[in-house]
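Data first, discussion second: the structure below is written as structure tokens.
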Amino acid sequence: MPVSEAQDVKALVDGLNFAEKVERSLLLLSEAHAQYGERLVVANSLGKDSCVVWHLAKRVSPRIRGFVVTTRFKPSQTVDFMRQTVARYPELQVFRNDAAIPERLHVSDPDRCCDLLKVEPTRRAVAEMNVGCWVTGLRCTEGRTRTDFEEREERDPGLLKLNPVLIWHEREIWQYLALHQVPVNPLYVQGYRSLGCAPCTRITSGPDERAGRWLGTSKCGGECGIHTRPLRNPATPAPGPASLGAGQWS
Ligand code: SF4
């Protein structure tokens, strides 16, 4: 059965084994790639889940493009990892918003900060790369805000969002990365389980993978907005540079 047909994906989280999930993810990507061609683009956050999705996408077609959204607040290890990844895959385009923002906006209004520094460049990437289907590493077992997504969604009319590893467990992500010897951000060695901007990311334990994101704020364990906000026709597009070429980020 084509995976594009409606199914209860929550039942598949524990209903499929690792190999079946890999096959399903590849099929989801293949189906979408057959439909969208070069307008299928991977949103590569450079986190562990995105590393799996990027590897899977390259198995479907080495020509598949992607984009990375970065911010002025990314840890140096993440910036270095981004440099290495983009050097290896020049078809990954980097987007960043360098517009002036209020001092310590991430403390006073983290939602606004994420909107300016993460959502705006994502909107720009979608527009500039003429994206018809964007592919994410979102997983439904990551935390409280991620339980109700689907593998194929169309929140923005005409823009498909594909979540091909939605039903994977965290351990299966690491299983895939280990089996395929995929390089990951060295911050994972320190104990981080979910990576973001330096001021808003902490190492935590416990069942919620995203508990260390925006710890101590009302946004704790929450979302930056790219999975919840419209990505087309924004009411107030923020200023910012166009995409960055290799070597232009810091
Ligand atoms: S994660 Fe923190 S620093 Fe990064 S954009 Fe969001 S609020 Fe700003």
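FYI, nothing fancy with the structure tokens labels: chains A, B, ... in order, residues from 1 per chain, ligands from 1 as they appear.
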
How close does each residue of chain A get to ligand 1, giving the shortest atom pair and distance in Å to one decimal for every residue with an atom at most 8 Å away, counting only C-alpha atoms and all ligand atoms, sorted by chain and residue number, as a Markdown table?
| residue | atom | partner | partner_atom_place_in_ligand_line | distance |
| --- | --- | --- | --- | --- |
| A:Thr71 | CA | ligand 1 | 4 (Fe) | 6.6 |
| A:Arg72 | CA | ligand 1 | 3 (S) | 7.9 |
| A:Phe73 | CA | ligand 1 | 3 (S) | 5.5 |
| A:Lys74 | CA | ligand 1 | 4 (Fe) | 7.4 |
| A:Leu105 | CA | ligand 1 | 8 (Fe) | 6.9 |
| A:His106 | CA | ligand 1 | 7 (S) | 4.0 |
| A:Val107 | CA | ligand 1 | 7 (S) | 7.1 |
| A:Asp109 | CA | ligand 1 | 7 (S) | 7.2 |
| A:Pro110 | CA | ligand 1 | 7 (S) | 3.8 |
| A:Asp111 | CA | ligand 1 | 7 (S) | 6.2 |
| A:Arg112 | CA | ligand 1 | 7 (S) | 7.3 |
| A:Cys113 | CA | ligand 1 | 8 (Fe) | 4.3 |
| A:Cys114 | CA | ligand 1 | 5 (S) | 3.6 |
| A:Asp115 | CA | ligand 1 | 5 (S) | 7.1 |
| A:Leu116 | CA | ligand 1 | 5 (S) | 7.1 |
| A:Leu117 | CA | ligand 1 | 5 (S) | 4.9 |
| A:Lys118 | CA | ligand 1 | 5 (S) | 5.7 |
| A:Gly196 | CA | ligand 1 | 1 (S) | 5.8 |
| A:Cys197 | CA | ligand 1 | 4 (Fe) | 4.4 |
| A:Ala198 | CA | ligand 1 | 3 (S) | 6.9 |
| A:Pro199 | CA | ligand 1 | 3 (S) | 5.9 |
| A:Cys200 | CA | ligand 1 | 2 (Fe) | 4.7 |
| A:Thr201 | CA | ligand 1 | 1 (S) | 7.5 |
| A:Arg213 | CA | ligand 1 | 1 (S) | 7.7 |
| A:Trp214 | CA | ligand 1 | 2 (Fe) | 7.0 |
| A:Cys224 | CA | ligand 1 | 6 (Fe) | 5.8 |

Expected file contents, prior selection, N, CA, C and O atoms, as an mmCIF file, in the first residue's frame:
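What follows is the written file selection-v9.cif:
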data_model
loop_
_atom_site.group_PDB
_atom_site.id
_atom_site.type_symbol
_atom_site.label_atom_id
_atom_site.label_comp_id
_atom_site.auth_asym_id
_atom_site.auth_seq_id
_atom_site.Cartn_x
_atom_site.Cartn_y
_atom_site.Cartn_z
ATOM 1 N N THR A 71 21.554 30.596 13.296
ATOM 2 C CA THR A 71 21.374 31.889 13.965
ATOM 3 C C THR A 71 22.704 32.343 14.558
ATOM 4 O O THR A 71 23.641 31.549 14.678
ATOM 5 N N ARG A 72 22.743 33.600 14.961
ATOM 6 C CA ARG A 72 23.947 34.163 15.592
ATOM 7 C C ARG A 72 24.240 33.504 16.932
ATOM 8 O O ARG A 72 25.296 33.709 17.497
ATOM 9 N N PHE A 73 23.304 32.742 17.470
ATOM 10 C CA PHE A 73 23.455 32.152 18.804
ATOM 11 C C PHE A 73 23.814 30.664 18.779
ATOM 12 O O PHE A 73 23.796 30.009 19.828
ATOM 13 N N LYS A 74 24.121 30.127 17.626
ATOM 14 C CA LYS A 74 24.455 28.696 17.590
ATOM 15 C C LYS A 74 25.797 28.449 18.280
ATOM 16 O O LYS A 74 26.735 29.242 18.144
ATOM 17 N N LEU A 105 16.697 39.500 23.570
ATOM 18 C CA LEU A 105 15.321 39.175 23.171
ATOM 19 C C LEU A 105 14.987 37.721 23.497
ATOM 20 O O LEU A 105 13.833 37.388 23.777
ATOM 21 N N HIS A 106 16.007 36.854 23.487
ATOM 22 C CA HIS A 106 15.748 35.435 23.781
ATOM 23 C C HIS A 106 15.287 35.247 25.226
ATOM 24 O O HIS A 106 14.687 34.227 25.553
ATOM 25 N N VAL A 107 15.566 36.252 26.089
ATOM 26 C CA VAL A 107 15.102 36.191 27.481
ATOM 27 C C VAL A 107 13.744 36.882 27.609
ATOM 28 O O VAL A 107 12.810 36.347 28.204
ATOM 29 N N ASP A 109 11.539 37.807 25.202
ATOM 30 C CA ASP A 109 10.462 37.331 24.325
ATOM 31 C C ASP A 109 11.012 36.249 23.393
ATOM 32 O O ASP A 109 11.242 36.493 22.202
ATOM 33 N N PRO A 110 11.215 35.040 23.942
ATOM 34 C CA PRO A 110 11.822 33.989 23.104
ATOM 35 C C PRO A 110 10.983 33.631 21.877
ATOM 36 O O PRO A 110 11.533 33.257 20.839
ATOM 37 N N ASP A 111 9.659 33.765 21.980
ATOM 38 C CA ASP A 111 8.832 33.460 20.795
ATOM 39 C C ASP A 111 9.161 34.420 19.652
ATOM 40 O O ASP A 111 9.295 34.014 18.493
ATOM 41 N N ARG A 112 9.293 35.702 19.991
ATOM 42 C CA ARG A 112 9.621 36.705 18.970
ATOM 43 C C ARG A 112 11.029 36.467 18.419
ATOM 44 O O ARG A 112 11.264 36.579 17.216
ATOM 45 N N CYS A 113 11.946 36.131 19.326
ATOM 46 C CA CYS A 113 13.320 35.863 18.910
ATOM 47 C C CYS A 113 13.361 34.704 17.912
ATOM 48 O O CYS A 113 13.977 34.794 16.846
ATOM 49 N N CYS A 114 12.672 33.614 18.249
ATOM 50 C CA CYS A 114 12.627 32.468 17.326
ATOM 51 C C CYS A 114 11.930 32.836 16.022
ATOM 52 O O CYS A 114 12.316 32.369 14.943
ATOM 53 N N ASP A 115 10.902 33.659 16.123
ATOM 54 C CA ASP A 115 10.180 34.055 14.919
ATOM 55 C C ASP A 115 11.118 34.801 13.954
ATOM 56 O O ASP A 115 11.132 34.548 12.749
ATOM 57 N N LEU A 116 11.915 35.712 14.527
ATOM 58 C CA LEU A 116 12.825 36.493 13.692
ATOM 59 C C LEU A 116 14.007 35.668 13.197
ATOM 60 O O LEU A 116 14.383 35.746 12.026
ATOM 61 N N LEU A 117 14.592 34.877 14.088
ATOM 62 C CA LEU A 117 15.864 34.226 13.748
ATOM 63 C C LEU A 117 15.704 32.842 13.136
ATOM 64 O O LEU A 117 16.633 32.333 12.506
ATOM 65 N N LYS A 118 14.552 32.226 13.337
ATOM 66 C CA LYS A 118 14.377 30.878 12.787
ATOM 67 C C LYS A 118 13.244 30.789 11.763
ATOM 68 O O LYS A 118 13.418 30.220 10.689
ATOM 69 N N GLY A 196 19.943 23.251 20.018
ATOM 70 C CA GLY A 196 19.400 24.516 19.534
ATOM 71 C C GLY A 196 20.416 25.615 19.745
ATOM 72 O O GLY A 196 21.625 25.370 19.753
ATOM 73 N N CYS A 197 19.931 26.839 19.954
ATOM 74 C CA CYS A 197 20.830 27.965 20.216
ATOM 75 C C CYS A 197 21.427 27.820 21.622
ATOM 76 O O CYS A 197 20.766 27.311 22.540
ATOM 77 N N ALA A 198 22.656 28.329 21.785
ATOM 78 C CA ALA A 198 23.377 28.142 23.047
ATOM 79 C C ALA A 198 22.620 28.669 24.270
ATOM 80 O O ALA A 198 22.537 27.970 25.290
ATOM 81 N N PRO A 199 22.049 29.889 24.222
ATOM 82 C CA PRO A 199 21.423 30.390 25.452
ATOM 83 C C PRO A 199 20.149 29.651 25.833
ATOM 84 O O PRO A 199 19.675 29.812 26.955
ATOM 85 N N CYS A 200 19.597 28.889 24.932
ATOM 86 C CA CYS A 200 18.276 28.281 25.152
ATOM 87 C C CYS A 200 18.321 26.756 25.187
ATOM 88 O O CYS A 200 17.278 26.110 25.064
ATOM 89 N N THR A 201 19.501 26.177 25.348
ATOM 90 C CA THR A 201 19.606 24.718 25.299
ATOM 91 C C THR A 201 20.441 24.212 26.470
ATOM 92 O O THR A 201 21.550 24.713 26.693
ATOM 93 N N ARG A 213 15.260 22.373 26.124
ATOM 94 C CA ARG A 213 15.056 23.526 25.237
ATOM 95 C C ARG A 213 14.235 24.588 25.970
ATOM 96 O O ARG A 213 13.171 24.303 26.494
ATOM 97 N N TRP A 214 14.726 25.791 26.018
ATOM 98 C CA TRP A 214 14.085 26.935 26.685
ATOM 99 C C TRP A 214 13.756 26.610 28.152
ATOM 100 O O TRP A 214 12.705 27.011 28.681
ATOM 101 N N CYS A 224 10.182 26.226 18.202
ATOM 102 C CA CYS A 224 10.675 27.522 17.716
ATOM 103 C C CYS A 224 9.647 28.177 16.799
ATOM 104 O O CYS A 224 9.662 29.387 16.617
#

**OP:** Find the residues around A:Val9 up to 7 Å (only C-alpha atoms counted), leave out those fewer than 3 positions away in its own chain, and share them as a PyMOL selection string.
**Re:** chain A and resi 12-13+167

Would you list, as a tab-separated table (two decimals) with N, CA, C and O atoms, in the first residue's frame, the residues of stretch 5-224 of chain A that end up in alpha helix (DSSP H) under DSSP run on this structure's backbone?
chain	number	residue	atom	x	y	z
A	9	VAL	N	-0.70	6.45	12.36
A	9	VAL	CA	0.75	6.38	12.49
A	9	VAL	C	1.18	6.11	13.93
A	9	VAL	O	2.23	5.52	14.17
A	10	LYS	N	0.37	6.51	14.91
A	10	LYS	CA	0.77	6.28	16.30
A	10	LYS	C	0.89	4.78	16.60
A	10	LYS	O	1.72	4.37	17.39
A	11	ALA	N	0.03	4.00	15.93
A	11	ALA	CA	0.11	2.55	16.14
A	11	ALA	C	1.38	1.97	15.53
A	11	ALA	O	1.81	0.88	15.89
A	12	LEU	N	1.97	2.70	14.62
A	12	LEU	CA	3.17	2.20	13.95
A	12	LEU	C	4.45	2.44	14.76
A	12	LEU	O	5.47	1.83	14.50
A	13	VAL	N	4.37	3.36	15.75
A	13	VAL	CA	5.57	3.69	16.52
A	13	VAL	C	6.15	2.44	17.17
A	13	VAL	O	7.37	2.22	17.15
A	18	PHE	N	12.64	-1.80	13.33
A	18	PHE	CA	13.58	-0.82	12.79
A	18	PHE	C	13.68	-0.91	11.26
A	18	PHE	O	13.58	0.11	10.56
A	19	ALA	N	13.86	-2.12	10.74
A	19	ALA	CA	14.03	-2.27	9.29
A	19	ALA	C	12.77	-1.83	8.54
A	19	ALA	O	12.85	-1.21	7.47
A	20	GLU	N	11.61	-2.13	9.11
A	20	GLU	CA	10.35	-1.72	8.47
A	20	GLU	C	10.21	-0.20	8.46
A	20	GLU	O	9.70	0.39	7.51
A	21	LYS	N	10.68	0.43	9.53
A	21	LYS	CA	10.61	1.91	9.57
A	21	LYS	C	11.54	2.52	8.53
A	21	LYS	O	11.20	3.51	7.88
A	22	VAL	N	12.72	1.95	8.38
A	22	VAL	CA	13.65	2.46	7.36
A	22	VAL	C	13.01	2.35	5.98
A	22	VAL	O	13.03	3.32	5.19
A	23	GLU	N	12.41	1.20	5.70
A	23	GLU	CA	11.76	0.99	4.41
A	23	GLU	C	10.63	1.99	4.20
A	23	GLU	O	10.45	2.55	3.12
A	24	ARG	N	9.84	2.20	5.25
A	24	ARG	CA	8.70	3.13	5.15
A	24	ARG	C	9.21	4.56	4.88
A	24	ARG	O	8.65	5.28	4.04
A	25	SER	N	10.25	4.95	5.58
A	25	SER	CA	10.80	6.30	5.39
A	25	SER	C	11.31	6.48	3.96
A	25	SER	O	11.09	7.53	3.34
A	26	LEU	N	12.01	5.47	3.47
A	26	LEU	CA	12.52	5.55	2.10
A	26	LEU	C	11.38	5.63	1.10
A	26	LEU	O	11.45	6.39	0.11
A	27	LEU	N	10.31	4.88	1.37
A	27	LEU	CA	9.16	4.90	0.47
A	27	LEU	C	8.47	6.27	0.50
A	27	LEU	O	8.08	6.82	-0.55
A	28	LEU	N	8.31	6.83	1.70
A	28	LEU	CA	7.72	8.17	1.81
A	28	LEU	C	8.53	9.18	1.00
A	28	LEU	O	7.98	10.01	0.26
A	29	LEU	N	9.83	9.11	1.15
A	29	LEU	CA	10.70	10.05	0.42
A	29	LEU	C	10.64	9.79	-1.09
A	29	LEU	O	10.58	10.74	-1.88
A	30	SER	N	10.65	8.53	-1.48
A	30	SER	CA	10.61	8.20	-2.91
A	30	SER	C	9.31	8.67	-3.56
A	30	SER	O	9.32	9.23	-4.66
A	31	GLU	N	8.20	8.43	-2.87
A	31	GLU	CA	6.90	8.86	-3.40
A	31	GLU	C	6.86	10.38	-3.57
A	31	GLU	O	6.42	10.91	-4.60
A	32	ALA	N	7.32	11.08	-2.54
A	32	ALA	CA	7.28	12.54	-2.61
A	32	ALA	C	8.26	13.06	-3.65
A	32	ALA	O	7.97	14.02	-4.38
A	33	HIS	N	9.41	12.41	-3.77
A	33	HIS	CA	10.39	12.85	-4.77
A	33	HIS	C	9.86	12.63	-6.18
A	33	HIS	O	10.07	13.46	-7.08
A	34	ALA	N	9.15	11.51	-6.37
A	34	ALA	CA	8.57	11.24	-7.69
A	34	ALA	C	7.54	12.32	-8.04
A	34	ALA	O	7.38	12.71	-9.21
A	35	GLN	N	6.86	12.82	-7.03
A	35	GLN	CA	5.82	13.83	-7.26
A	35	GLN	C	6.42	15.24	-7.41
A	35	GLN	O	5.98	16.01	-8.25
A	36	TYR	N	7.40	15.57	-6.60
A	36	TYR	CA	7.87	16.96	-6.55
A	36	TYR	C	9.22	17.19	-7.22
A	36	TYR	O	9.60	18.34	-7.48
A	48	LYS	N	20.47	15.22	15.14
A	48	LYS	CA	20.59	13.77	14.86
A	48	LYS	C	19.49	13.27	13.92
A	48	LYS	O	19.74	12.46	13.03
A	49	ASP	N	18.27	13.78	14.12
A	49	ASP	CA	17.14	13.32	13.30
A	49	ASP	C	17.29	13.79	11.85
A	49	ASP	O	17.04	13.06	10.91
A	50	SER	N	17.72	15.04	11.70
A	50	SER	CA	17.96	15.56	10.36
A	50	SER	C	19.10	14.82	9.67
A	50	SER	O	19.08	14.64	8.45
A	51	CYS	N	20.10	14.41	10.45
A	51	CYS	CA	21.21	13.66	9.84
A	51	CYS	C	20.70	12.35	9.24
A	51	CYS	O	21.15	11.92	8.18
A	52	VAL	N	19.74	11.72	9.93
A	52	VAL	CA	19.14	10.49	9.39
A	52	VAL	C	18.34	10.81	8.12
A	52	VAL	O	18.48	10.15	7.09
A	53	VAL	N	17.51	11.85	8.20
A	53	VAL	CA	16.67	12.19	7.05
A	53	VAL	C	17.53	12.56	5.84
A	53	VAL	O	17.24	12.14	4.71
A	54	TRP	N	18.58	13.30	6.08
A	54	TRP	CA	19.46	13.70	4.97
A	54	TRP	C	20.11	12.47	4.34
A	54	TRP	O	20.18	12.35	3.13
A	55	HIS	N	20.55	11.53	5.18
A	55	HIS	CA	21.16	10.30	4.67
A	55	HIS	C	20.14	9.49	3.87
A	55	HIS	O	20.44	8.98	2.78
A	56	LEU	N	18.92	9.38	4.39
A	56	LEU	CA	17.87	8.65	3.68
A	56	LEU	C	17.56	9.32	2.33
A	56	LEU	O	17.39	8.66	1.31
A	57	ALA	N	17.48	10.65	2.36
A	57	ALA	CA	17.16	11.39	1.13
A	57	ALA	C	18.23	11.17	0.07
A	57	ALA	O	17.93	11.01	-1.12
A	58	LYS	N	19.49	11.11	0.52
A	58	LYS	CA	20.58	10.90	-0.44
A	58	LYS	C	20.53	9.49	-1.02
A	58	LYS	O	21.01	9.25	-2.12
A	59	ARG	N	19.95	8.55	-0.27
A	59	ARG	CA	19.77	7.20	-0.81
A	59	ARG	C	18.69	7.21	-1.90
A	59	ARG	O	18.75	6.42	-2.85
A	60	VAL	N	17.71	8.08	-1.75
A	60	VAL	CA	16.64	8.18	-2.76
A	60	VAL	C	17.18	8.87	-4.01
A	60	VAL	O	16.96	8.41	-5.13
A	76	SER	N	29.56	27.07	18.96
A	76	SER	CA	30.66	26.97	18.00
A	76	SER	C	30.76	25.56	17.42
A	76	SER	O	31.08	25.39	16.24
A	77	GLN	N	30.43	24.55	18.25
A	77	GLN	CA	30.50	23.16	17.73
A	77	GLN	C	29.49	22.96	16.61
A	77	GLN	O	29.76	22.25	15.64
A	78	THR	N	28.33	23.59	16.74
A	78	THR	CA	27.30	23.46	15.70
A	78	THR	C	27.73	24.20	14.44
A	78	THR	O	27.52	23.72	13.32
A	79	VAL	N	28.35	25.36	14.62
A	79	VAL	CA	28.83	26.12	13.46
A	79	VAL	C	29.91	25.32	12.73
A	79	VAL	O	29.91	25.22	11.49
A	80	ASP	N	30.83	24.73	13.50
A	80	ASP	CA	31.88	23.91	12.86
A	80	ASP	C	31.27	22.72	12.13
A	80	ASP	O	31.67	22.39	11.01
A	81	PHE	N	30.30	22.09	12.77
A	81	PHE	CA	29.67	20.93	12.14
A	81	PHE	C	28.93	21.35	10.87
A	81	PHE	O	28.95	20.64	9.86
A	82	MET	N	28.33	22.52	10.91
A	82	MET	CA	27.64	23.04	9.72
A	82	MET	C	28.65	23.28	8.58
A	82	MET	O	28.39	22.89	7.43
A	83	ARG	N	29.79	23.88	8.92
A	83	ARG	CA	30.81	24.13	7.91
A	83	ARG	C	31.24	22.82	7.24
A	83	ARG	O	31.32	22.73	6.02
A	84	GLN	N	31.49	21.82	8.07
A	84	GLN	CA	31.94	20.53	7.52
A	84	GLN	C	30.86	19.90	6.65
A	84	GLN	O	31.14	19.37	5.57
A	85	THR	N	29.61	19.99	7.10
A	85	THR	CA	28.52	19.34	6.37
A	85	THR	C	28.28	20.04	5.03
A	85	THR	O	28.09	19.38	4.00
A	86	VAL	N	28.30	21.37	5.05
A	86	VAL	CA	28.05	22.11	3.81
A	86	VAL	C	29.22	21.95	2.84
A	86	VAL	O	29.03	21.93	1.61
A	87	ALA	N	30.42	21.81	3.38
A	87	ALA	CA	31.57	21.57	2.50
A	87	ALA	C	31.41	20.23	1.78
A	87	ALA	O	31.76	20.08	0.61
A	88	ARG	N	30.84	19.27	2.51
A	88	ARG	CA	30.65	17.94	1.91
A	88	ARG	C	29.46	17.92	0.96
A	88	ARG	O	29.46	17.19	-0.04
A	105	LEU	N	16.70	39.50	23.57
A	105	LEU	CA	15.32	39.17	23.17
A	105	LEU	C	14.99	37.72	23.50
A	105	LEU	O	13.83	37.39	23.78
A	106	HIS	N	16.01	36.85	23.49
A	106	HIS	CA	15.75	35.43	23.78
A	106	HIS	C	15.29	35.25	25.23
A	106	HIS	O	14.69	34.23	25.55
A	107	VAL	N	15.57	36.25	26.09
A	107	VAL	CA	15.10	36.19	27.48
A	107	VAL	C	13.74	36.88	27.61
A	107	VAL	O	12.81	36.35	28.20
A	108	SER	N	13.64	38.08	27.03
A	108	SER	CA	12.41	38.87	27.22
A	108	SER	C	11.24	38.34	26.39
A	108	SER	O	10.09	38.41	26.81
A	110	PRO	N	11.22	35.04	23.94
A	110	PRO	CA	11.82	33.99	23.10
A	110	PRO	C	10.98	33.63	21.88
A	110	PRO	O	11.53	33.26	20.84
A	111	ASP	N	9.66	33.76	21.98
A	111	ASP	CA	8.83	33.46	20.79
A	111	ASP	C	9.16	34.42	19.65
A	111	ASP	O	9.30	34.01	18.49
A	112	ARG	N	9.29	35.70	19.99
A	112	ARG	CA	9.62	36.70	18.97
A	112	ARG	C	11.03	36.47	18.42
A	112	ARG	O	11.26	36.58	17.22
A	113	CYS	N	11.95	36.13	19.33
A	113	CYS	CA	13.32	35.86	18.91
A	113	CYS	C	13.36	34.70	17.91
A	113	CYS	O	13.98	34.79	16.85
A	114	CYS	N	12.67	33.61	18.25
A	114	CYS	CA	12.63	32.47	17.33
A	114	CYS	C	11.93	32.84	16.02
A	114	CYS	O	12.32	32.37	14.94
A	120	GLU	N	11.61	33.26	10.14
A	120	GLU	CA	11.79	34.13	8.97
A	120	GLU	C	12.76	33.54	7.94
A	120	GLU	O	12.44	33.48	6.75
A	121	PRO	N	13.95	33.07	8.36
A	121	PRO	CA	14.84	32.47	7.35
A	121	PRO	C	14.27	31.20	6.74
A	121	PRO	O	14.55	30.90	5.57
A	122	THR	N	13.45	30.48	7.51
A	122	THR	CA	12.83	29.28	6.93
A	122	THR	C	11.84	29.68	5.84
A	122	THR	O	11.80	29.07	4.76
A	123	ARG	N	11.07	30.73	6.11
A	123	ARG	CA	10.14	31.22	5.07
A	123	ARG	C	10.92	31.64	3.82
A	123	ARG	O	10.50	31.38	2.70
A	124	ARG	N	12.04	32.29	4.06
A	124	ARG	CA	12.85	32.77	2.94
A	124	ARG	C	13.40	31.58	2.14
A	124	ARG	O	13.43	31.60	0.91
A	125	ALA	N	13.84	30.55	2.86
A	125	ALA	CA	14.36	29.36	2.18
A	125	ALA	C	13.27	28.72	1.32
A	125	ALA	O	13.51	28.37	0.16
A	126	VAL	N	12.09	28.60	1.88
A	126	VAL	CA	10.97	27.98	1.15
A	126	VAL	C	10.67	28.78	-0.12
A	126	VAL	O	10.45	28.21	-1.20
A	127	ALA	N	10.70	30.11	-0.01
A	127	ALA	CA	10.39	30.95	-1.17
A	127	ALA	C	11.53	30.93	-2.19
A	127	ALA	O	11.31	30.70	-3.38
A	128	GLU	N	12.75	31.16	-1.72
A	128	GLU	CA	13.88	31.28	-2.66
A	128	GLU	C	14.22	29.97	-3.36
A	128	GLU	O	14.69	29.97	-4.49
A	170	GLU	N	13.89	7.45	19.51
A	170	GLU	CA	15.23	8.06	19.63
A	170	GLU	C	16.33	7.00	19.42
A	170	GLU	O	17.30	7.23	18.72
A	171	ARG	N	16.12	5.81	20.04
A	171	ARG	CA	17.17	4.79	19.93
A	171	ARG	C	17.34	4.31	18.48
A	171	ARG	O	18.42	3.91	18.07
A	172	GLU	N	16.24	4.36	17.71
A	172	GLU	CA	16.33	3.92	16.31
A	172	GLU	C	17.09	4.95	15.47
A	172	GLU	O	17.76	4.58	14.50
A	173	ILE	N	16.98	6.20	15.85
A	173	ILE	CA	17.78	7.24	15.18
A	173	ILE	C	19.27	6.95	15.39
A	173	ILE	O	20.07	6.92	14.44
A	174	TRP	N	19.63	6.68	16.65
A	174	TRP	CA	21.04	6.38	16.94
A	174	TRP	C	21.48	5.07	16.31
A	174	TRP	O	22.63	4.92	15.88
A	175	GLN	N	20.54	4.13	16.23
A	175	GLN	CA	20.84	2.84	15.58
A	175	GLN	C	21.22	3.08	14.11
A	175	GLN	O	22.22	2.56	13.62
A	176	TYR	N	20.42	3.87	13.43
A	176	TYR	CA	20.66	4.14	12.01
A	176	TYR	C	21.99	4.88	11.83
A	176	TYR	O	22.80	4.54	10.97
A	177	LEU	N	22.21	5.89	12.68
A	177	LEU	CA	23.43	6.69	12.55
A	177	LEU	C	24.67	5.82	12.77
A	177	LEU	O	25.68	5.96	12.08
A	178	ALA	N	24.58	4.91	13.75
A	178	ALA	CA	25.72	4.03	14.04
A	178	ALA	C	25.94	3.05	12.90
A	178	ALA	O	27.08	2.86	12.44
A	179	LEU	N	24.86	2.44	12.43
A	179	LEU	CA	24.99	1.43	11.37
A	179	LEU	C	25.57	2.02	10.09
A	179	LEU	O	26.30	1.35	9.37

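Take atom CA of A:Thr228 and atom CA of A:Leu46: the distance between them is 19.5 Å.
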
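Between atom CA of A:Val189 and atom CA of A:Glu142 lies a distance of 18.8 Å.
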
**OP:** Please measure the separation of atom CA of A:His169 and atom CA of A:Arg202, giving the value in Å to one decimal.
**Re:** 21.1 Å

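When only C-alpha atoms are used to measure the gap to A:Lys161, the shortest distance among A:Asn185, A:Ser205, A:Thr145, A:Thr136 belongs to A:Thr136.
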
Original post:
Out of stretch 4-224 of chain A, which residues get strand (DSSP E or B) from DSSP, as a ChimeraX atom specification?
Top reply: /A:40-43,65-69,92-95,133-135,152-156,159-162,201,213

Original post:
Excluding same-chain residues fewer than 2 positions from stretch 146-154 of chain A, what lies within 12 Å of it counting only C-alpha atoms, as a PyMOL selection string?
Top reply: chain A and resi 3-10+12-13+24-25+27-29+31-32+132-144+156-168+208-210+221-223+227-228+230-232
